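Structure file structure04.txt; described as compact mmCIF, C-alpha atoms.
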# COMPACT_ATOMS: atom_id res chain seq x y z
CA MET C 167 7.10 -21.61 -2.66
CA ILE C 168 5.71 -18.09 -2.38
CA VAL C 169 7.80 -15.48 -0.57
CA VAL C 170 5.96 -12.64 1.20
CA THR C 171 7.76 -9.48 2.24
CA ALA C 172 6.37 -7.16 4.94
CA PRO C 173 4.24 -10.00 6.42
CA THR C 174 3.37 -8.06 9.59
CA ALA C 175 1.98 -5.03 7.71
CA LYS C 176 -1.75 -4.77 6.97
CA ILE C 177 -1.51 -6.08 3.39
CA GLY C 178 1.10 -8.74 4.07
CA ARG C 179 -0.63 -10.08 7.16
CA ARG C 180 -3.90 -10.72 5.33
CA LEU C 181 -2.07 -12.06 2.29
CA VAL C 182 -0.22 -14.66 4.35
CA GLU C 183 -3.54 -15.77 5.85
CA ARG C 184 -5.09 -16.09 2.40
CA LEU C 185 -2.17 -18.07 1.00
CA LEU C 186 -2.06 -20.47 3.95
CA HIS C 187 -5.83 -20.99 3.70
CA ALA C 188 -5.30 -21.91 0.04
CA GLY C 189 -2.70 -24.49 1.06
CA GLU C 190 0.25 -22.67 -0.48
CA PRO C 191 3.77 -23.09 0.93
CA VAL C 192 4.84 -19.69 2.26
CA ARG C 193 8.17 -18.19 3.26
CA VAL C 194 8.20 -14.74 4.87
CA VAL C 195 10.88 -12.11 5.24
CA ALA C 196 10.42 -10.41 8.62
CA ARG C 197 12.64 -7.88 10.33
CA ASP C 198 11.08 -8.92 13.65
CA PRO C 199 9.72 -12.49 13.43
CA GLY C 200 8.33 -12.11 16.95
CA ARG C 201 5.60 -9.86 15.54
CA LEU C 202 4.19 -12.77 13.55
CA PRO C 203 1.28 -14.57 15.23
CA ALA C 204 2.42 -17.86 16.74
CA ALA C 205 -0.03 -19.79 14.58
CA VAL C 206 1.49 -18.23 11.46
CA ARG C 207 5.10 -18.84 12.56
CA ALA C 208 4.26 -22.51 12.97
CA ARG C 209 3.14 -22.80 9.33
CA VAL C 210 5.63 -20.69 7.38
CA GLU C 211 9.35 -20.58 6.75
CA VAL C 212 10.87 -17.44 8.25
CA VAL C 213 13.88 -15.53 6.98
CA ALA C 214 14.79 -12.92 9.56
CA GLY C 215 16.00 -9.53 8.41
CA SER C 216 15.23 -6.61 6.15
CA HIS C 217 14.22 -7.22 2.55
CA ARG C 218 16.44 -4.27 1.62
CA ASP C 219 19.42 -6.48 2.59
CA ALA C 220 21.07 -8.36 -0.30
CA ALA C 221 22.05 -11.35 1.83
CA VAL C 222 18.54 -11.64 3.25
CA VAL C 223 16.72 -11.61 -0.09
CA ASP C 224 19.30 -14.00 -1.55
CA ARG C 225 18.42 -16.54 1.14
CA ALA C 226 14.70 -15.84 0.92
CA PHE C 227 14.36 -16.13 -2.85
CA ALA C 228 16.34 -19.36 -3.28
CA GLY C 229 13.95 -21.98 -4.66
CA ALA C 230 11.02 -19.55 -4.77
CA ASP C 231 8.40 -19.66 -7.51
CA ALA C 232 6.87 -16.26 -6.75
CA VAL C 233 7.43 -13.20 -4.60
CA PHE C 234 5.12 -10.60 -3.13
CA TRP C 235 7.04 -7.34 -2.97
CA LEU C 236 6.04 -4.44 -0.75
CA MET C 237 8.67 -1.74 -0.29
CA PRO C 238 7.70 0.63 2.53
CA GLY C 239 8.91 4.19 2.39
CA ASP C 240 12.13 4.79 4.32
CA LEU C 241 11.74 8.12 6.12
CA ARG C 242 15.49 8.38 6.62
CA ALA C 243 16.41 7.86 2.96
CA PRO C 244 17.71 11.00 1.24
CA ASP C 245 15.13 10.74 -1.54
CA VAL C 246 12.45 8.47 -2.95
CA ARG C 247 14.63 6.96 -5.66
CA THR C 248 17.02 5.73 -3.00
CA ALA C 249 14.13 4.43 -0.89
CA TYR C 250 12.23 2.54 -3.60
CA VAL C 251 14.46 1.92 -6.61
CA GLU C 252 17.88 1.48 -5.04
CA GLY C 253 16.27 -0.19 -2.03
CA SER C 254 14.70 -2.78 -4.36
CA ARG C 255 17.78 -3.41 -6.49
CA PRO C 256 19.17 -6.24 -4.30
CA ALA C 257 15.81 -8.00 -4.59
CA VAL C 258 15.73 -7.56 -8.36
CA GLU C 259 19.21 -9.09 -8.57
CA ALA C 260 18.12 -11.98 -6.34
CA VAL C 261 15.02 -12.58 -8.47
CA ALA C 262 17.21 -12.81 -11.55
CA ALA C 263 19.87 -14.97 -9.88
CA HIS C 264 17.35 -17.52 -8.57
CA GLY C 265 15.05 -17.50 -11.60
CA VAL C 266 11.96 -16.43 -9.67
CA GLY C 267 9.21 -16.67 -12.28
CA HIS C 268 6.58 -14.24 -10.98
CA VAL C 269 6.59 -11.13 -8.79
CA VAL C 270 3.57 -9.15 -7.60
CA GLY C 271 4.38 -5.68 -6.31
CA VAL C 272 2.47 -3.00 -4.43
CA SER C 273 2.60 0.23 -6.41
CA ALA C 274 0.34 3.11 -7.38
CA LEU C 275 -1.92 4.59 -10.00
CA GLY C 276 -0.57 7.27 -12.30
CA ARG C 277 1.35 5.63 -15.13
CA GLY C 278 0.71 7.54 -18.34
CA THR C 279 -0.67 10.67 -16.68
CA VAL C 280 0.95 14.07 -17.04
CA ALA C 281 1.60 14.14 -13.28
CA ALA C 282 3.46 10.82 -13.10
CA ARG C 283 6.94 12.32 -13.50
CA ARG C 284 6.52 14.71 -10.55
CA ALA C 285 4.55 12.60 -8.12
CA GLY C 286 7.14 11.92 -5.44
CA HIS C 287 6.59 8.49 -3.91
CA VAL C 288 4.48 7.38 -6.87
CA THR C 289 7.13 8.35 -9.44
CA ALA C 290 9.66 6.21 -7.59
CA SER C 291 7.20 3.31 -7.23
CA LEU C 292 6.61 3.25 -10.99
CA ALA C 293 10.36 3.20 -11.58
CA MET C 294 10.62 0.30 -9.11
CA ASP C 295 8.01 -1.60 -11.14
CA ASP C 296 10.00 -1.05 -14.33
CA LEU C 297 13.13 -2.43 -12.67
CA PHE C 298 11.44 -5.70 -11.66
CA ALA C 299 9.83 -6.05 -15.09
CA THR C 300 13.27 -6.31 -16.70
CA VAL C 301 14.03 -9.64 -14.99
CA THR C 302 10.73 -11.51 -14.41
CA HIS C 303 7.01 -11.68 -15.10
CA TYR C 304 5.60 -8.83 -13.05
CA ARG C 305 2.23 -7.53 -11.96
CA SER C 306 1.98 -4.10 -10.39
CA LEU C 307 -0.97 -3.56 -8.05
CA ALA C 308 -1.79 0.04 -8.97
CA ASN C 309 -3.45 1.57 -5.94
CA PRO C 310 -5.07 4.89 -5.06
CA THR C 311 -5.12 6.29 -1.51
CA PHE C 312 -5.81 3.68 1.19
CA MET C 313 -8.94 3.84 3.34
CA ASP C 314 -6.67 2.70 6.16
CA ASN C 315 -4.82 6.03 6.07
CA THR C 316 -7.89 7.48 7.82
CA LEU C 317 -6.68 5.79 11.01
CA ARG C 318 -4.05 8.55 11.20
CA ASP C 319 -6.90 11.04 11.73
CA ILE C 320 -8.16 9.41 14.92
CA PRO C 321 -6.50 12.00 17.22
CA SER C 322 -8.06 14.92 15.30
CA ILE C 323 -11.41 13.11 15.08
CA LEU C 324 -11.48 12.76 18.86
CA ARG C 325 -10.09 16.23 19.56
CA ASP C 326 -11.77 18.40 16.92
CA GLY C 327 -14.17 16.23 14.92
CA VAL C 328 -11.95 16.69 11.85
CA ILE C 329 -10.37 14.65 9.10
CA SER C 330 -8.06 16.46 6.72
CA GLY C 331 -6.33 16.15 3.37
CA PRO C 332 -4.76 18.21 0.58
CA LEU C 333 -7.60 17.89 -1.94
CA ALA C 334 -10.66 20.10 -2.32
CA ALA C 335 -13.53 18.93 -0.12
CA ASP C 336 -15.70 17.94 -3.11
CA ARG C 337 -12.98 16.29 -5.21
CA ARG C 338 -13.91 12.63 -5.71
CA LEU C 339 -11.14 10.06 -6.21
CA PRO C 340 -10.86 6.27 -5.82
CA LEU C 341 -10.19 4.88 -2.34
CA VAL C 342 -9.29 1.29 -1.52
CA ALA C 343 -9.12 -0.93 1.57
CA THR C 344 -5.78 -2.65 2.14
CA ARG C 345 -7.52 -5.99 2.60
CA ASP C 346 -8.78 -5.79 -1.00
CA ILE C 347 -5.21 -5.20 -2.17
CA ALA C 348 -4.14 -8.33 -0.30
CA ASP C 349 -6.95 -10.31 -1.88
CA ALA C 350 -5.92 -9.12 -5.36
CA ALA C 351 -2.34 -10.18 -4.63
CA ALA C 352 -3.49 -13.59 -3.42
CA ARG C 353 -5.38 -14.22 -6.65
CA LEU C 354 -2.33 -13.36 -8.75
CA LEU C 355 0.06 -15.43 -6.65
CA THR C 356 -2.08 -18.55 -6.49
CA ASP C 357 -3.05 -18.51 -10.18
CA ARG C 358 0.15 -17.59 -12.00
CA ASP C 359 -1.18 -18.10 -15.51
CA TRP C 360 0.14 -14.71 -16.63
CA SER C 361 3.30 -13.38 -18.18
CA GLY C 362 5.09 -10.18 -19.06
CA PHE C 363 4.43 -6.87 -17.35
CA ALA C 364 1.05 -5.32 -16.62
CA GLU C 365 -0.62 -3.11 -14.06
CA VAL C 366 -3.63 -4.34 -12.09
CA PRO C 367 -5.63 -1.32 -10.89
CA VAL C 368 -7.34 -1.81 -7.51
CA LEU C 369 -9.85 1.04 -7.22
CA GLY C 370 -12.24 0.27 -4.38
CA PRO C 371 -15.99 0.28 -5.11
CA GLN C 372 -16.54 4.01 -5.71
CA ASP C 373 -14.89 7.43 -5.86
CA LEU C 374 -15.27 9.51 -2.70
CA SER C 375 -14.53 13.09 -1.68
CA GLY C 376 -13.38 14.33 1.69
CA ASP C 377 -16.90 15.53 2.39
CA ASP C 378 -18.29 12.11 1.43
CA MET C 379 -15.87 10.41 3.81
CA ALA C 380 -16.70 12.78 6.66
CA ALA C 381 -20.43 12.13 6.20
CA VAL C 382 -19.92 8.36 6.40
CA ILE C 383 -17.68 8.67 9.46
CA THR C 384 -20.24 10.93 11.14
CA ASP C 385 -22.96 8.35 10.57
CA VAL C 386 -20.88 5.36 11.67
CA LEU C 387 -19.40 6.99 14.78
CA GLY C 388 -22.57 8.89 15.71
CA THR C 389 -20.59 12.09 16.25
CA PRO C 390 -20.10 15.07 13.89
CA VAL C 391 -16.99 14.90 11.73
CA ARG C 392 -16.04 17.36 9.02
CA TYR C 393 -13.35 17.50 6.36
CA GLU C 394 -10.77 20.28 6.25
CA GLN C 395 -8.48 20.92 3.29
CA VAL C 396 -4.82 21.57 4.13
CA GLU C 397 -2.09 22.87 1.86
CA ALA C 398 0.05 20.18 0.24
CA GLY C 399 3.10 21.93 1.68
CA ALA C 400 1.77 21.28 5.16
CA LEU C 401 2.34 17.57 4.58
CA GLU C 402 6.03 18.30 4.14
CA THR C 403 6.13 19.98 7.55
CA VAL C 404 4.28 17.08 9.16
CA MET C 405 6.65 14.53 7.63
CA LEU C 406 9.67 16.48 8.85
CA SER C 407 8.19 16.42 12.36
CA PHE C 408 8.00 12.63 12.08
CA GLY C 409 11.71 12.45 11.34
CA ALA C 410 11.60 12.26 7.54
CA SER C 411 14.52 13.55 5.53
CA PRO C 412 13.88 16.74 3.55
CA GLY C 413 13.79 14.74 0.32
CA MET C 414 11.26 12.22 1.58
CA ALA C 415 9.09 14.95 3.13
CA ARG C 416 9.10 16.96 -0.08
CA ALA C 417 8.11 13.83 -2.03
CA MET C 418 4.98 13.48 0.10
CA ALA C 419 3.88 17.00 -0.81
CA ASP C 420 4.73 16.34 -4.47
CA MET C 421 2.51 13.25 -4.45
CA ALA C 422 -0.39 15.24 -2.98
CA ARG C 423 -0.05 17.92 -5.66
CA ALA C 424 0.07 15.24 -8.36
CA LYS C 425 -3.15 13.68 -7.09
CA ALA C 426 -4.78 17.10 -7.33
CA ASP C 427 -3.54 17.22 -10.93
CA GLY C 428 -5.20 13.94 -11.91
CA LEU C 429 -2.66 11.28 -10.94
CA ASP C 430 -5.34 8.81 -9.81
CA GLU C 431 -7.74 9.49 -12.68
CA GLY C 432 -5.93 7.88 -15.59
CA VAL C 433 -7.75 4.52 -15.29
CA ALA C 434 -11.41 4.08 -16.16
CA ARG C 435 -13.43 2.28 -13.52
CA THR C 436 -14.73 -1.16 -14.52
CA ALA C 437 -16.33 -4.08 -12.73
CA ALA C 438 -12.98 -5.90 -12.91
CA ASN C 439 -10.95 -3.21 -11.14
CA SER C 440 -13.62 -2.19 -8.59
CA THR C 441 -12.98 -4.01 -5.32
CA PRO C 442 -15.75 -4.86 -2.83
CA THR C 443 -15.02 -3.21 0.53
CA THR C 444 -17.04 0.01 0.86
CA PHE C 445 -15.85 2.90 2.98
CA ARG C 446 -18.88 2.46 5.23
CA GLN C 447 -18.03 -1.19 5.77
CA TRP C 448 -14.40 -0.31 6.47
CA CYS C 449 -15.42 2.42 8.95
CA THR C 450 -17.78 0.04 10.73
CA GLU C 451 -15.34 -2.86 10.98
CA ILE C 452 -11.98 -1.07 11.34
CA LEU C 453 -12.28 2.64 12.14
CA ARG C 454 -15.03 2.50 14.78
CA PRO C 455 -13.30 -0.13 16.95
CA ALA C 456 -10.02 1.80 16.67
CA VAL C 457 -11.74 5.04 17.73
CA GLU C 458 -13.44 3.28 20.65
CA ALA C 459 -10.10 1.82 21.74
CA ALA C 460 -8.48 5.25 21.57
CA ARG C 461 -11.25 6.72 23.73
CA SER C 462 -10.83 4.11 26.46
In structure tokens, write the structure found in this file.
Amino acid sequence: MIVVTAPTAKIGRRLVERLLHAGEPVRVVARDPGRLPAAVRARVEVVAGSHRDAAVVDRAFAGADAVFWLMPGDLRAPDVRTAYVEGSRPAVEAVAAHGVGHVVGVSALGRGTVAARRAGHVTASLAMDDLFATVTHYRSLANPTFMDNTLRDIPSILRDGVISGPLAADRRLPLVATRDIADAAARLLTDRDWSGFAEVPVLGPQDLSGDDMAAVITDVLGTPVRYEQVEAGALETVMLSFGASPGMARAMADMARAKADGLDEGVARTAANSTPTTFRQWCTEILRPAVEAARS
């Protein structure tokens, strides 16, 4: 039995599909089971509730062989340690209590870099990984920025022809599609011939700058799009406007500054950690339809 948390999110949704296609028995933890497609609900066990809840993860992890762990940021938490580390502690205790042999978690690049201790959300994610690794065999999917985050720029693309970010326009960093993260998780969960703790970097196929991304979007959408750099501190203001606590908003700005200081550049690119979905492919298959839907 493989337990999947956050099964209605982008990564979890594709992962569940991959596991079911492989014939694996799947149990999901869903705050709102009604958001699961009917065809999926018919083929999985469902534990309703939040995977931050000790009683919920205790039920979900009973008899499980492996767990996929994705802890979303909690905007209302006072700080990132509360959101990620303390939020994961009930699950860690349930993993230990039920003898779950393998856990695959969604985390971030940065371990071993000088910026890792002051990287906001990433710092807390790495501490979360360490907590799980004390009780089970654990693989951390170490991710850079998601291509899918570009969907947040759709309003400014339509209004001003702009995407934005805190890095210099020519600064190239890895960028990954969430579906490639799900595929990496599926491989680890279906072939559990691994032990101990290790990170699995998931880097996308190439490093891209903001200018590179804008050029691809321009070509795919057929309309001019440019990249604008914003101050990292501006992200804090934006997060506060979304209802984030001061601590969680500040952590977003800290993560942006850490990326500018090399957080995502501590892992050398190899064929093994380069995933297949290109930014052009992602823009064609995901961004363009979303932009067209927003226009209509």
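Coordinates place atom CA of Asn309 of chain C at a distance of 14.5 Å from atom CA of Met294 of chain C.
Minimum atom-to-atom distance to Gly253 of chain C, evaluated using only C-alpha atoms, belongs to C:Ser216 out of C:Ser330, C:Ser216, C:Thr356, C:Thr441.
The shortest atom-to-atom distance to Thr289 of chain C, with all atoms listed in the file taken into account, belongs to C:Ala274 out of C:Ala274, C:Ala226, C:Leu401, C:Leu241.
Closest to Ala352 of chain C among C:Pro310, C:Gly428, C:Gly413, C:Gly178 is C:Gly178, based on only C-alpha atoms.
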Quick one: of C:Val391, C:Ala434, C:Val246, C:Leu339, who's nearest to Ser322 of chain C, counting all atoms listed in the file? C:Val391
Each segment 387-427 of chain C residue no farther than 8 Å from segment 364-381 of chain C, nearest pair in Å, all atoms listed in the file, as a Markdown table:
| residue | atom | partner | partner_atom | distance |
| --- | --- | --- | --- | --- |
| C:Val391 | CA | C:Ala380 | CA | 5.5 |
| C:Arg392 | CA | C:Ala380 | CA | 5.2 |
| C:Tyr393 | CA | C:Gly376 | CA | 5.6 |
| C:Glu394 | CA | C:Gly376 | CA | 7.9 |
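Counting from atom CA of Val251 of chain C, the distance to atom CA of Trp360 of chain C is 24.1 Å.
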Just want the 9 Å neighbourhood of Val270 of chain C, counted on only C-alpha atoms, with same-chain residues fewer than 2 positions away dropped. Output as a PyMOL selection string. chain C and resi 232-236+268+272+303-307+351+354-355
For Pro191 of chain C: contacts at 10 Å, all atoms listed in the file, fewer than 2 positions along chain excluded, given as a PyMOL selection string: chain C and resi 167-169+182+185-186+188-189+193+209-211+230
Would you export the selected residues with C-alpha atoms as a PDB file, in the frame of the given file, please?
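Below is the file result-v4.pdb, written as the result:
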ATOM      1  CA  MET C 167       7.100 -21.610  -2.660  1.00  0.00           C
ATOM      2  CA  ILE C 168       5.710 -18.090  -2.380  1.00  0.00           C
ATOM      3  CA  VAL C 169       7.800 -15.480  -0.570  1.00  0.00           C
ATOM      4  CA  VAL C 182      -0.220 -14.660   4.350  1.00  0.00           C
ATOM      5  CA  LEU C 185      -2.170 -18.070   1.000  1.00  0.00           C
ATOM      6  CA  LEU C 186      -2.060 -20.470   3.950  1.00  0.00           C
ATOM      7  CA  ALA C 188      -5.300 -21.910   0.040  1.00  0.00           C
ATOM      8  CA  GLY C 189      -2.700 -24.490   1.060  1.00  0.00           C
ATOM      9  CA  ARG C 193       8.170 -18.190   3.260  1.00  0.00           C
ATOM     10  CA  ARG C 209       3.140 -22.800   9.330  1.00  0.00           C
ATOM     11  CA  VAL C 210       5.630 -20.690   7.380  1.00  0.00           C
ATOM     12  CA  GLU C 211       9.350 -20.580   6.750  1.00  0.00           C
ATOM     13  CA  ALA C 230      11.020 -19.550  -4.770  1.00  0.00           C
TER      14      ALA C 230
END
Atom CA of Asp430 of chain C to atom CA of Arg277 of chain C, straight-line distance in Å: 9.1 Å
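Distances from C:Asp385, C:Asp357, C:Gln395, C:Asp420 to Asp336 of chain C were compared using only C-alpha atoms, and the smallest one belongs to C:Gln395.
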Applying 10 Å and all atoms listed in the file, which residues near Ser291 of chain C remain after dropping the ones on its own chain fewer than 5 positions away? List them as JSON, numbers by chain. {"C": [237, 239, 246, 247, 249, 250, 251, 271, 272, 273, 274, 275, 285, 286, 296, 297, 306, 308]}
Proximity to Thr279 of chain C - best of C:Ile383, C:Ala228, C:Arg461, C:Leu292, only C-alpha atoms: C:Leu292
Up to 9 Å from (-2.3, 15.6, -8.5) in the file's coordinates: name the residues, counting all atoms listed in the file, as a PDB file with C-alpha atoms, in the frame of the given file.
ATOM      1  CA  ALA C 281       1.600  14.140 -13.280  1.00  0.00           C
ATOM      2  CA  ALA C 282       3.460  10.820 -13.100  1.00  0.00           C
ATOM      3  CA  ALA C 285       4.550  12.600  -8.120  1.00  0.00           C
ATOM      4  CA  LEU C 333      -7.600  17.890  -1.940  1.00  0.00           C
ATOM      5  CA  ASP C 420       4.730  16.340  -4.470  1.00  0.00           C
ATOM      6  CA  MET C 421       2.510  13.250  -4.450  1.00  0.00           C
ATOM      7  CA  ALA C 422      -0.390  15.240  -2.980  1.00  0.00           C
ATOM      8  CA  ARG C 423      -0.050  17.920  -5.660  1.00  0.00           C
ATOM      9  CA  ALA C 424       0.070  15.240  -8.360  1.00  0.00           C
ATOM     10  CA  LYS C 425      -3.150  13.680  -7.090  1.00  0.00           C
ATOM     11  CA  ALA C 426      -4.780  17.100  -7.330  1.00  0.00           C
ATOM     12  CA  ASP C 427      -3.540  17.220 -10.930  1.00  0.00           C
ATOM     13  CA  GLY C 428      -5.200  13.940 -11.910  1.00  0.00           C
ATOM     14  CA  LEU C 429      -2.660  11.280 -10.940  1.00  0.00           C
ATOM     15  CA  ASP C 430      -5.340   8.810  -9.810  1.00  0.00           C
TER      16      ASP C 430
END
Box centre and edge lengths (Å, one decimal), axis-aligned, segment 231-247 of chain C plus 3 Å each side, as lines of an AutoDock Vina configuration file:
center_x = 11.4
center_y = -4.3
center_z = -0.4
size_x = 18.6
size_y = 36.7
size_z = 20.1
